[in-house]
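Source file upload15.txt; content: compact mmCIF, C-alpha atoms.
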```
# COMPACT_ATOMS: atom_id res chain seq x y z
CA MET A 19 92.57 107.11 102.96
CA ILE A 20 91.07 110.33 104.22
CA SER A 21 90.76 113.23 101.80
CA ILE A 22 89.63 116.80 102.14
CA MET A 23 88.10 119.19 99.70
CA GLY A 24 88.36 116.68 96.88
CA HIS A 25 92.10 117.33 96.62
CA ASP A 26 93.99 114.15 95.82
CA ASN A 27 97.07 115.73 97.37
CA ARG A 28 95.44 115.78 100.77
CA LEU A 29 95.02 112.06 101.25
CA ALA A 30 96.12 110.87 104.67
CA GLU A 31 97.03 107.26 105.31
CA TYR A 32 96.07 107.64 108.97
CA GLU A 33 93.38 109.70 110.63
CA ILE A 34 94.90 112.95 111.89
CA LEU A 35 93.83 116.29 113.34
CA PRO A 36 91.55 117.72 110.63
CA HIS A 37 93.12 121.18 110.73
CA ILE A 38 96.48 119.67 109.76
CA LEU A 39 95.01 117.99 106.71
CA GLU A 40 92.88 121.00 105.75
CA ARG A 41 95.77 123.46 105.95
CA TRP A 42 97.38 124.38 102.68
CA SER A 43 98.88 127.53 101.19
CA PRO A 44 96.55 129.27 98.75
CA ARG A 45 97.53 132.55 97.13
CA SER A 46 94.06 133.74 96.19
CA MET A 47 92.79 135.91 99.05
CA THR A 48 89.86 138.31 99.33
CA GLY A 49 91.51 141.29 101.03
CA ASP A 50 88.87 141.22 103.78
CA PRO A 51 89.96 142.57 107.17
CA ILE A 52 90.79 140.06 109.91
CA LEU A 53 88.87 140.18 113.17
CA ARG A 54 90.99 141.44 116.04
CA ASP A 55 90.11 138.44 118.20
CA ASP A 56 91.04 136.05 115.42
CA LEU A 57 94.40 137.73 114.85
CA PHE A 58 95.43 137.62 118.47
CA ALA A 59 94.13 134.10 118.98
CA ILE A 60 96.33 133.08 116.05
CA PHE A 61 99.32 134.67 117.79
CA GLU A 62 98.24 133.06 121.05
CA ALA A 63 98.54 129.64 119.44
CA ALA A 64 102.14 130.45 118.49
CA ARG A 65 102.80 131.58 122.04
CA PHE A 66 102.30 128.09 123.43
CA ALA A 67 104.86 126.39 121.19
CA PRO A 68 107.72 124.62 122.96
CA SER A 69 111.27 125.94 122.65
CA ALA A 70 114.79 125.06 123.69
CA TYR A 71 115.33 126.29 127.25
CA ASN A 72 111.89 127.91 126.89
CA GLU A 73 113.58 130.79 125.11
CA GLN A 74 110.52 131.53 122.93
CA PRO A 75 112.80 133.05 120.25
CA TRP A 76 109.92 133.97 117.87
CA ARG A 77 109.09 137.60 117.08
CA PHE A 78 106.25 138.67 114.81
CA VAL A 79 105.98 142.07 113.14
CA PHE A 80 102.56 142.40 111.56
CA ALA A 81 100.62 144.86 109.42
CA LEU A 82 96.91 144.95 108.64
CA SER A 83 95.49 145.41 105.16
CA GLY A 84 94.56 149.00 104.42
CA THR A 85 97.17 150.56 106.71
CA PRO A 86 100.40 152.37 105.80
CA ASN A 87 102.30 149.62 107.63
CA PHE A 88 100.89 147.09 105.18
CA ASP A 89 102.22 149.02 102.21
CA ARG A 90 105.76 148.74 103.62
CA PHE A 91 105.59 145.07 102.64
CA LYS A 92 105.60 146.03 98.98
CA ALA A 93 109.31 146.76 99.30
CA ILE A 94 109.94 143.76 101.55
CA LEU A 95 108.32 141.00 99.51
CA VAL A 96 109.59 140.02 96.10
CA GLN A 97 107.33 141.35 93.35
CA TYR A 98 106.01 137.88 92.54
CA ASN A 99 104.72 137.52 96.10
CA TRP A 100 103.47 141.08 96.55
CA ASP A 101 101.29 140.66 93.47
CA TRP A 102 99.06 138.17 95.28
CA ALA A 103 99.90 138.87 98.95
CA LYS A 104 98.56 142.42 98.71
CA LYS A 105 95.14 140.78 99.02
CA ALA A 106 96.02 139.25 102.41
CA SER A 107 94.24 140.47 105.55
CA ALA A 108 97.54 140.64 107.44
CA LEU A 109 101.18 140.28 106.54
CA LEU A 110 103.92 139.45 108.96
CA ILE A 111 107.60 138.92 109.21
CA VAL A 112 108.86 136.21 111.54
CA ALA A 113 112.24 136.93 113.09
CA ALA A 114 114.27 134.72 115.41
CA LYS A 115 116.29 135.93 118.36
CA ASP A 116 119.78 134.64 117.63
CA THR A 117 121.06 134.06 121.16
CA PHE A 118 119.82 132.56 124.40
CA SER A 119 118.74 135.16 126.93
CA HIS A 120 120.01 133.14 129.90
CA ASN A 121 123.64 132.98 128.76
CA GLY A 122 124.07 134.99 125.53
CA GLU A 123 125.22 131.92 123.59
CA PRO A 124 124.07 131.31 119.98
CA ASN A 125 120.73 129.47 119.88
CA LYS A 126 121.05 126.84 117.20
CA TRP A 127 117.39 125.85 117.65
CA SER A 128 115.98 129.34 117.03
CA PHE A 129 114.76 128.59 113.48
CA TYR A 130 113.46 125.19 114.55
CA ASP A 131 111.48 126.73 117.40
CA CYS A 132 110.11 129.51 115.20
CA GLY A 133 108.95 126.87 112.73
CA CYS A 134 106.96 125.13 115.43
CA ALA A 135 105.39 128.39 116.60
CA CYS A 136 104.39 129.23 113.03
CA GLY A 137 102.95 125.77 112.55
CA PHE A 138 100.69 126.35 115.55
CA LEU A 139 99.81 129.78 114.15
CA ALA A 140 98.82 128.23 110.81
CA LEU A 141 96.63 125.62 112.46
CA GLU A 142 94.79 128.18 114.57
CA ALA A 143 94.25 130.31 111.46
CA THR A 144 92.88 127.27 109.63
CA ARG A 145 90.61 126.49 112.54
CA ARG A 146 89.22 130.03 112.42
CA GLY A 147 88.52 129.94 108.70
CA TYR A 148 91.62 131.74 107.45
CA VAL A 149 94.39 130.56 105.19
CA THR A 150 98.10 131.20 105.56
CA HIS A 151 100.87 131.23 103.00
CA THR A 152 104.48 131.28 104.13
CA MET A 153 107.01 132.98 101.87
CA ALA A 154 110.75 132.57 101.56
CA GLY A 155 110.68 135.19 98.82
CA PHE A 156 111.35 138.45 100.63
CA SER A 157 114.30 140.71 101.30
CA ALA A 158 115.72 140.29 104.80
CA GLU A 159 117.61 143.57 104.35
CA GLU A 160 114.43 145.48 103.49
CA ALA A 161 112.57 143.83 106.38
CA ILE A 162 115.31 144.83 108.81
CA GLU A 163 115.31 148.39 107.55
CA LYS A 164 111.59 148.98 107.04
CA LEU A 165 110.49 147.20 110.23
CA ASP A 166 113.33 148.36 112.49
CA ILE A 167 114.39 144.81 113.28
CA PRO A 168 117.32 145.18 115.68
CA GLU A 169 120.68 143.47 115.60
CA GLY A 170 120.54 140.02 117.13
CA TYR A 171 117.36 139.01 115.30
CA THR A 172 117.18 137.20 111.95
CA PRO A 173 114.15 137.48 109.65
CA ILE A 174 113.21 133.97 108.52
CA VAL A 175 109.96 134.09 106.56
CA ALA A 176 107.03 136.31 105.67
CA ILE A 177 103.51 135.00 106.24
CA ALA A 178 100.27 136.11 104.60
CA ILE A 179 97.04 135.48 106.53
CA GLY A 180 93.71 135.98 104.77
CA LYS A 181 90.37 134.69 103.62
CA ILE A 182 90.49 132.37 100.65
CA ALA A 183 89.14 133.71 97.36
CA PRO A 184 88.18 131.81 94.21
CA ARG A 185 91.07 130.45 92.21
CA ASP A 186 90.14 132.47 89.14
CA PHE A 187 90.74 135.75 90.95
CA LEU A 188 94.43 135.03 90.36
CA PRO A 189 96.40 135.78 87.20
CA ASP A 190 96.56 132.78 84.87
CA GLU A 191 100.13 131.74 85.74
CA LEU A 192 99.27 131.60 89.46
CA GLN A 193 96.01 129.74 88.90
CA GLU A 194 98.06 126.82 87.64
CA ARG A 195 99.85 126.60 91.00
CA GLU A 196 96.72 127.05 93.15
CA PHE A 197 96.36 123.58 94.63
CA PRO A 198 97.62 121.80 97.76
CA SER A 199 101.10 120.43 97.20
CA PRO A 200 101.73 116.67 97.34
CA ARG A 201 103.70 114.88 100.04
CA LYS A 202 106.30 112.14 100.03
CA PRO A 203 105.22 108.76 101.40
CA GLN A 204 106.31 108.05 104.98
CA SER A 205 108.78 105.48 103.69
CA ASP A 206 110.84 108.37 102.29
CA PHE A 207 111.38 110.08 105.63
CA ILE A 208 110.65 107.61 108.46
CA PHE A 209 113.40 105.17 109.39
CA ARG A 210 113.15 102.38 111.94
CA GLY A 211 116.30 101.92 113.98
CA SER A 212 118.70 103.56 111.56
CA PHE A 213 118.83 105.52 108.33
CA SER A 214 120.27 102.52 106.54
CA GLY A 215 117.77 100.11 108.06
CA GLU A 216 120.45 98.06 109.79
CA MET B 11 91.40 133.23 130.60
CA ILE B 12 91.25 129.58 129.67
CA SER B 13 93.25 127.11 131.74
CA ILE B 14 93.89 123.41 131.49
CA MET B 15 94.67 120.81 134.10
CA GLY B 16 94.76 123.42 136.83
CA HIS B 17 98.16 124.62 135.65
CA ASP B 18 98.48 128.38 136.00
CA ASN B 19 101.13 128.29 133.28
CA ARG B 20 98.60 127.16 130.73
CA LEU B 21 96.34 130.19 130.78
CA ALA B 22 95.39 131.42 127.33
CA GLU B 23 94.21 134.97 126.75
CA TYR B 24 92.28 133.82 123.68
CA GLU B 25 90.46 130.60 122.94
CA ILE B 26 92.75 128.33 120.90
CA LEU B 27 92.92 124.76 119.64
CA PRO B 28 92.75 122.70 122.85
CA HIS B 29 95.59 120.37 121.85
CA ILE B 30 97.94 123.36 121.65
CA LEU B 31 97.09 124.44 125.17
CA GLU B 32 97.14 120.90 126.55
CA ARG B 33 100.55 120.07 125.07
CA TRP B 34 103.46 120.31 127.43
CA SER B 35 106.70 118.39 127.96
CA PRO B 36 106.55 116.01 130.90
CA ARG B 37 109.46 113.74 131.70
CA SER B 38 107.57 111.16 133.75
CA MET B 39 106.52 108.39 131.37
CA THR B 40 105.18 104.89 131.95
CA GLY B 41 107.29 102.88 129.50
CA ASP B 42 104.12 101.44 127.92
CA PRO B 43 104.36 100.45 124.26
CA ILE B 44 102.86 102.77 121.67
CA LEU B 45 100.17 101.46 119.33
CA ARG B 46 101.41 101.08 115.77
CA ASP B 47 98.52 103.10 114.39
CA ASP B 48 99.17 105.90 116.84
CA LEU B 49 102.86 106.05 115.99
CA PHE B 50 102.30 106.27 112.26
CA ALA B 51 99.42 108.73 112.60
CA ILE B 52 101.79 110.92 114.61
CA PHE B 53 104.31 110.75 111.75
CA GLU B 54 101.48 111.36 109.27
CA ALA B 55 100.71 114.65 110.99
CA ALA B 56 104.34 115.71 110.49
CA ARG B 57 104.09 114.68 106.84
CA PHE B 58 101.54 117.38 106.07
CA ALA B 59 103.64 120.29 107.37
CA PRO B 60 104.45 123.03 104.85
CA SER B 61 108.02 123.55 103.72
CA ALA B 62 110.08 125.88 101.53
CA TYR B 63 109.77 124.70 97.91
CA ASN B 64 107.89 121.71 99.35
CA GLU B 65 111.26 120.14 100.11
CA GLN B 66 109.94 118.26 103.18
CA PRO B 67 113.45 118.23 104.68
CA TRP B 68 112.46 116.32 107.84
CA ARG B 69 113.77 112.82 108.54
CA PHE B 70 112.84 110.75 111.58
CA VAL B 71 114.82 107.81 112.90
CA PHE B 72 112.81 106.06 115.58
CA ALA B 73 113.19 103.21 118.03
CA LEU B 74 110.55 101.46 120.10
CA SER B 75 110.91 100.71 123.79
CA GLY B 76 112.10 97.20 124.49
CA THR B 77 114.08 96.83 121.26
CA PRO B 78 117.86 96.82 120.73
CA ASN B 79 117.43 99.98 118.61
CA PHE B 80 116.01 101.76 121.63
CA ASP B 81 119.09 100.97 123.71
CA ARG B 82 121.28 102.75 121.15
CA PHE B 83 119.79 105.99 122.45
CA LYS B 84 121.59 105.50 125.75
CA ALA B 85 124.79 106.56 124.01
CA ILE B 86 123.06 109.28 121.99
CA LEU B 87 121.20 111.13 124.76
CA VAL B 88 123.03 112.92 127.53
CA GLN B 89 122.85 110.95 130.76
CA TYR B 90 120.46 113.44 132.33
CA ASN B 91 117.93 112.82 129.55
CA TRP B 92 118.44 109.07 129.25
CA ASP B 93 117.63 108.71 132.95
CA TRP B 94 114.00 109.69 132.33
CA ALA B 95 113.66 109.13 128.56
CA LYS B 96 114.33 105.40 128.94
CA LYS B 97 110.69 105.20 130.04
CA ALA B 98 109.45 106.64 126.75
CA SER B 99 107.44 104.45 124.38
CA ALA B 100 109.46 105.66 121.40
CA LEU B 101 112.56 107.75 120.94
CA LEU B 102 113.47 109.53 117.78
CA ILE B 103 116.10 111.70 116.24
CA VAL B 104 114.97 114.45 113.89
CA ALA B 105 117.46 115.25 111.15
CA ALA B 106 117.21 117.93 108.46
CA LYS B 107 118.33 117.53 104.88
CA ASP B 108 120.80 120.37 104.41
CA THR B 109 120.24 121.15 100.72
CA PHE B 110 117.35 121.57 98.31
CA SER B 111 116.79 118.54 96.12
CA HIS B 112 115.77 120.64 93.11
CA ASN B 113 119.04 122.59 92.85
CA GLY B 114 121.50 121.35 95.48
CA GLU B 115 121.71 124.76 97.15
CA PRO B 116 121.82 125.07 100.98
CA ASN B 117 118.32 125.13 102.46
CA LYS B 118 118.31 127.85 105.08
CA TRP B 119 114.74 126.96 106.10
CA SER B 120 115.49 123.30 106.84
CA PHE B 121 115.46 123.72 110.64
CA TYR B 122 112.42 126.01 110.46
CA ASP B 123 110.49 123.46 108.41
CA CYS B 124 111.51 120.59 110.69
CA GLY B 125 110.25 122.60 113.64
CA CYS B 126 106.84 122.93 112.05
CA ALA B 127 106.67 119.22 111.22
CA CYS B 128 107.59 118.36 114.81
CA GLY B 129 104.97 120.77 116.11
CA PHE B 130 102.32 118.91 114.12
CA LEU B 131 103.76 115.62 115.41
CA ALA B 132 103.46 116.84 119.01
CA LEU B 133 99.85 117.94 118.54
CA GLU B 134 98.80 114.64 117.01
CA ALA B 135 100.52 112.81 119.88
CA THR B 136 98.67 115.01 122.37
CA ARG B 137 95.39 114.37 120.58
CA ARG B 138 95.98 110.62 120.87
CA GLY B 139 96.75 110.73 124.57
CA TYR B 140 100.54 110.70 124.41
CA VAL B 141 103.05 113.25 125.61
CA THR B 142 106.20 114.39 123.84
CA HIS B 143 109.36 115.90 125.20
CA THR B 144 111.89 117.43 122.82
CA MET B 145 115.55 117.34 123.81
CA ALA B 146 118.46 119.48 122.77
CA GLY B 147 120.64 117.41 125.09
CA PHE B 148 122.04 114.69 122.85
CA SER B 149 125.22 114.01 120.92
CA ALA B 150 124.88 114.72 117.20
CA GLU B 151 128.09 112.76 116.62
CA GLU B 152 126.74 109.68 118.40
CA ALA B 153 123.43 109.99 116.55
CA ILE B 154 125.20 110.15 113.20
CA GLU B 155 127.34 107.14 114.04
CA LYS B 156 124.81 104.92 115.81
CA LEU B 157 121.91 105.66 113.44
CA ASP B 158 123.91 105.78 110.19
CA ILE B 159 122.81 109.32 109.40
CA PRO B 160 124.46 110.14 106.08
CA GLU B 161 126.39 113.23 105.09
CA GLY B 162 124.09 116.05 104.06
CA TYR B 163 121.74 115.61 107.01
CA THR B 164 121.98 117.43 110.36
CA PRO B 165 120.52 115.98 113.56
CA ILE B 166 118.53 118.74 115.29
CA VAL B 167 116.71 117.30 118.28
CA ALA B 168 115.71 114.07 119.97
CA ILE B 169 112.07 113.52 120.87
CA ALA B 170 110.58 111.18 123.46
CA ILE B 171 106.98 110.04 122.93
CA GLY B 172 105.20 108.22 125.74
CA LYS B 173 102.32 107.90 128.14
CA ILE B 174 102.44 110.28 131.07
CA ALA B 175 103.19 108.78 134.49
CA PRO B 176 102.68 110.28 137.93
CA ARG B 177 105.11 113.02 138.84
CA ASP B 178 106.43 111.13 141.83
CA PHE B 179 107.78 108.33 139.64
CA LEU B 180 110.63 110.74 138.88
CA PRO B 181 113.75 111.30 141.01
CA ASP B 182 113.33 114.25 143.40
CA GLU B 183 115.36 116.75 141.38
CA LEU B 184 113.25 116.11 138.26
CA GLN B 185 109.97 116.26 140.17
CA GLU B 186 110.68 119.91 140.87
CA ARG B 187 110.79 120.64 137.12
CA GLU B 188 107.71 118.57 136.23
CA PHE B 189 105.26 121.31 135.33
CA PRO B 190 104.28 123.18 132.15
CA SER B 191 106.65 126.08 131.50
CA PRO B 192 105.32 129.64 131.51
CA ARG B 193 105.07 131.88 128.45
CA LYS B 194 105.88 135.52 127.77
CA PRO B 195 102.94 137.85 127.21
CA GLN B 196 102.16 138.62 123.57
CA SER B 197 103.42 142.16 124.09
CA ASP B 198 106.94 140.73 124.36
CA PHE B 199 106.95 139.17 120.91
CA ILE B 200 104.16 140.72 118.80
CA PHE B 201 104.88 144.07 117.16
CA ARG B 202 102.44 146.15 115.15
CA GLY B 203 104.02 147.84 112.14
CA SER B 204 107.60 147.75 113.34
CA PHE B 205 109.81 146.39 116.08
CA SER B 206 110.24 149.86 117.52
CA GLY B 207 106.55 150.65 117.28
CA GLU B 208 107.13 153.56 114.90
```
Target encoding structure tokens, full file:
Amino acid sequence: MISIMGHDNRLAEYEILPHILERWSPRSMTGDPILRDDLFAIFEAARFAPSAYNEQPWRFVFALSGTPNFDRFKAILVQYNWDWAKKASALLIVAAKDTFSHNGEPNKWSFYDCGCACGFLALEATRRGYVTHTMAGFSAEEAIEKLDIPEGYTPIVAIAIGKIAPRDFLPDELQEREFPSPRKPQSDFIFRGSFSGE
Amino acid sequence: MISIMGHDNRLAEYEILPHILERWSPRSMTGDPILRDDLFAIFEAARFAPSAYNEQPWRFVFALSGTPNFDRFKAILVQYNWDWAKKASALLIVAAKDTFSHNGEPNKWSFYDCGCACGFLALEATRRGYVTHTMAGFSAEEAIEKLDIPEGYTPIVAIAIGKIAPRDFLPDELQEREFPSPRKPQSDFIFRGSFSGE
């Protein structure tokens, strides 16, 4: 068993890429600015994700802490998330292009491909000493309006990127949730031959 | 600019995790067996992906080359894919659980989360000297039937994992496609502040 950071929830049964095991989703962030090179390297990692028909359906709209753009996220995120995410270095909305560019047909892998790109983004952030926290809790309508997201694109998640801060910088109720989440054993999601084992 | 393997299509503008840049989707595979430890470490990487409400909606049904389970994929994959993927070391179907376990509501991030898990899987495979190739070209109906995928789960993609073989092991028409695909520049998918730049 390989652990990191003394967290029992990050015990791997097999040796894996350290950045995968180290990555988790803290909420306590310092509010420090992100280095330009780090930010664009993090996007660069997303750029090299695979996608169906190489569509690359991911779009990222970002805002840096301390800018008017950043404050737009106050209306986009749910209050619960804004309360901690305002200390992120950067906030972004991930939107998927709904159709394939080569034929205009609906792309049913657009969310799947965006998920892969954001996974690569999170690993590059981890590698560079940042943390990421992905949020489902935001208003797609507000994101579309405030960020001028055009028709044909669907906002999927918001992501906070920042530098980790001590746990006790958070309000009490969030401190209780500030730990890496556990994972199911492989036997719950890996099936040999068939789902029923036949 | 950082390149790998002499492929002009793998030029990064920023320095990123090497496994991300090295990963591409060859079709020419040797048919060699995969080591047990490698296979389960590859799944272990997927296990540590983040997910909405920590649902971990990903399910993997796998088959190893040279087993009767593997031959079931002949009916599942489209002919075009089976023709090369039969030389994979392992084939798998990725299925998403459609609803959240905590409340039974539809999980609209299930594909997104599966994409991230499969991205981690692909990087761990790359790190261990394997290649992966994700396929949209398969029959969900055949996968459901042949692999006993229950109601409430949606097959998303098939993935081939294997050892790379020389390009000229492929039929002529596939040799022409055997190179890493290009990527859009960041300016096509990264937007500061808003999609319209306002």
Protein/DNA/RNA residues near (106.7, 126.6, 134.5), cut 9 Å, only C-alpha atoms, as JSON, numbers by chain: {"B": [17, 18, 19, 20, 187, 188, 189, 190, 191, 192, 193]}
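In this comparison, which uses all atoms listed in the file, the residue of B:Trp34, B:Tyr24, B:Phe201, B:Trp94 approaching Tyr140 (chain B) most closely is B:Trp34.
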Residues of chain A within 6 Å of chain B, all atoms listed in the file counted, as a ChimeraX atom specification: /A:32,59,77-81,87,129-131,133-134,137,165-167,207-213
Among listed residues B:Gly162, B:Gly76, B:Pro181, B:Pro176, nearest Thr109 (chain B) (using all atoms listed in the file):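 Result for the nearest residue to Thr109 (chain B): B:Gly162.
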Residue among B:Asp93, B:Thr40, B:Val141, B:Ala85 lying closest to Glu183 (chain B), counting only C-alpha atoms: B:Asp93
Atom-to-atom span, CA of Asn121 (chain A) and CA of Tyr171 (chain A), Å: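 These atoms are spaced 16.0 Å apart.
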Atomic distance CA of Ile44 (chain B) - CA of Lys107 (chain B), expressed in Å with one decimal: 27.2 Å
Distance of CA of Asn125 (chain A) from CA of Ala95 (chain B), expressed in Å to one decimal place: 23.2 Å
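Nearest to Ser149 (chain B) of all the residues B:Arg177, B:Lys84, B:His112, B:Lys96 is B:Lys84, counting all atoms listed in the file.
Candidate residues B:Asp81, B:Leu87, B:Ser75, B:Leu45 were compared for distance to Ala168 (chain B), and the nearest is B:Leu87, using all atoms listed in the file.
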If I only have part of region 24-54 of chain A, can you fill in N, CA and C atoms and write it as a CSV table (one decimal), keeping the file's coordinate frame?
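Wrote it out as rebuild.csv, contents follow:
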```
chain,number,residue,atom,x,y,z
A,24,GLY,N,88.2,117.3,98.2
A,24,GLY,CA,88.4,116.7,96.9
A,24,GLY,C,89.8,116.8,96.3
A,25,HIS,N,90.7,117.2,97.1
A,25,HIS,CA,92.1,117.3,96.6
A,25,HIS,C,92.8,116.0,96.8
A,26,ASP,N,93.3,115.4,95.7
A,26,ASP,CA,94.0,114.2,95.8
A,26,ASP,C,95.3,114.3,96.6
A,27,ASN,N,95.8,115.5,96.7
A,27,ASN,CA,97.1,115.7,97.4
A,27,ASN,C,96.9,115.8,98.9
A,28,ARG,N,95.7,115.8,99.3
A,28,ARG,CA,95.4,115.8,100.8
A,28,ARG,C,94.8,114.5,101.2
A,29,LEU,N,95.5,113.4,100.9
A,29,LEU,CA,95.0,112.1,101.2
A,29,LEU,C,95.9,111.6,102.4
A,30,ALA,N,95.3,111.3,103.5
A,30,ALA,CA,96.1,110.9,104.7
A,30,ALA,C,96.0,109.4,104.8
A,31,GLU,N,97.1,108.7,105.1
A,31,GLU,CA,97.0,107.3,105.3
A,31,GLU,C,96.5,106.9,106.7
A,32,TYR,N,96.6,107.8,107.6
A,32,TYR,CA,96.1,107.6,109.0
A,32,TYR,C,95.2,108.8,109.3
A,33,GLU,N,94.3,108.6,110.2
A,33,GLU,CA,93.4,109.7,110.6
A,33,GLU,C,94.2,110.7,111.5
A,34,ILE,N,94.2,111.9,111.1
A,34,ILE,CA,94.9,113.0,111.9
A,34,ILE,C,94.0,114.2,112.2
A,35,LEU,N,94.5,115.0,113.0
A,35,LEU,CA,93.8,116.3,113.3
A,35,LEU,C,93.4,117.0,112.0
A,36,PRO,N,92.1,117.2,111.9
A,36,PRO,CA,91.6,117.7,110.6
A,36,PRO,C,92.2,119.0,110.2
A,37,HIS,N,92.5,119.9,111.1
A,37,HIS,CA,93.1,121.2,110.7
A,37,HIS,C,94.5,121.0,110.0
A,38,ILE,N,95.2,119.9,110.4
A,38,ILE,CA,96.5,119.7,109.8
A,38,ILE,C,96.3,119.3,108.3
A,39,LEU,N,95.3,118.4,108.1
A,39,LEU,CA,95.0,118.0,106.7
A,39,LEU,C,94.4,119.1,105.9
A,40,GLU,N,93.6,119.9,106.5
A,40,GLU,CA,92.9,121.0,105.8
A,40,GLU,C,93.8,122.2,105.4
A,41,ARG,N,94.9,122.3,106.2
A,41,ARG,CA,95.8,123.5,106.0
A,41,ARG,C,96.5,123.3,104.6
A,42,TRP,N,96.5,124.3,103.8
A,42,TRP,CA,97.4,124.4,102.7
A,42,TRP,C,97.7,125.8,102.4
A,43,SER,N,98.3,126.2,101.4
A,43,SER,CA,98.9,127.5,101.2
A,43,SER,C,98.4,128.2,99.9
A,44,PRO,N,97.1,128.6,99.9
A,44,PRO,CA,96.6,129.3,98.8
A,44,PRO,C,97.2,130.7,98.6
A,45,ARG,N,97.1,131.2,97.4
A,45,ARG,CA,97.5,132.6,97.1
A,45,ARG,C,96.3,133.5,96.9
A,46,SER,N,95.2,132.9,96.5
A,46,SER,CA,94.1,133.7,96.2
A,46,SER,C,93.3,134.1,97.5
A,47,MET,N,93.4,135.4,97.8
A,47,MET,CA,92.8,135.9,99.0
A,47,MET,C,91.9,137.1,98.7
A,48,THR,N,90.9,137.3,99.6
A,48,THR,CA,89.9,138.3,99.3
A,48,THR,C,90.2,139.8,99.7
A,49,GLY,N,91.2,139.9,100.6
A,49,GLY,CA,91.5,141.3,101.0
A,49,GLY,C,90.6,141.7,102.2
A,50,ASP,N,89.7,140.9,102.6
A,50,ASP,CA,88.9,141.2,103.8
A,50,ASP,C,89.7,141.5,105.0
A,51,PRO,N,89.2,142.4,105.9
A,51,PRO,CA,90.0,142.6,107.2
A,51,PRO,C,89.9,141.3,108.1
A,52,ILE,N,90.8,141.2,108.9
A,52,ILE,CA,90.8,140.1,109.9
A,52,ILE,C,90.2,140.6,111.2
A,53,LEU,N,89.4,139.8,111.9
A,53,LEU,CA,88.9,140.2,113.2
A,53,LEU,C,90.0,140.2,114.2
A,54,ARG,N,90.0,141.3,115.0
A,54,ARG,CA,91.0,141.4,116.0
A,54,ARG,C,91.2,140.2,116.9
```
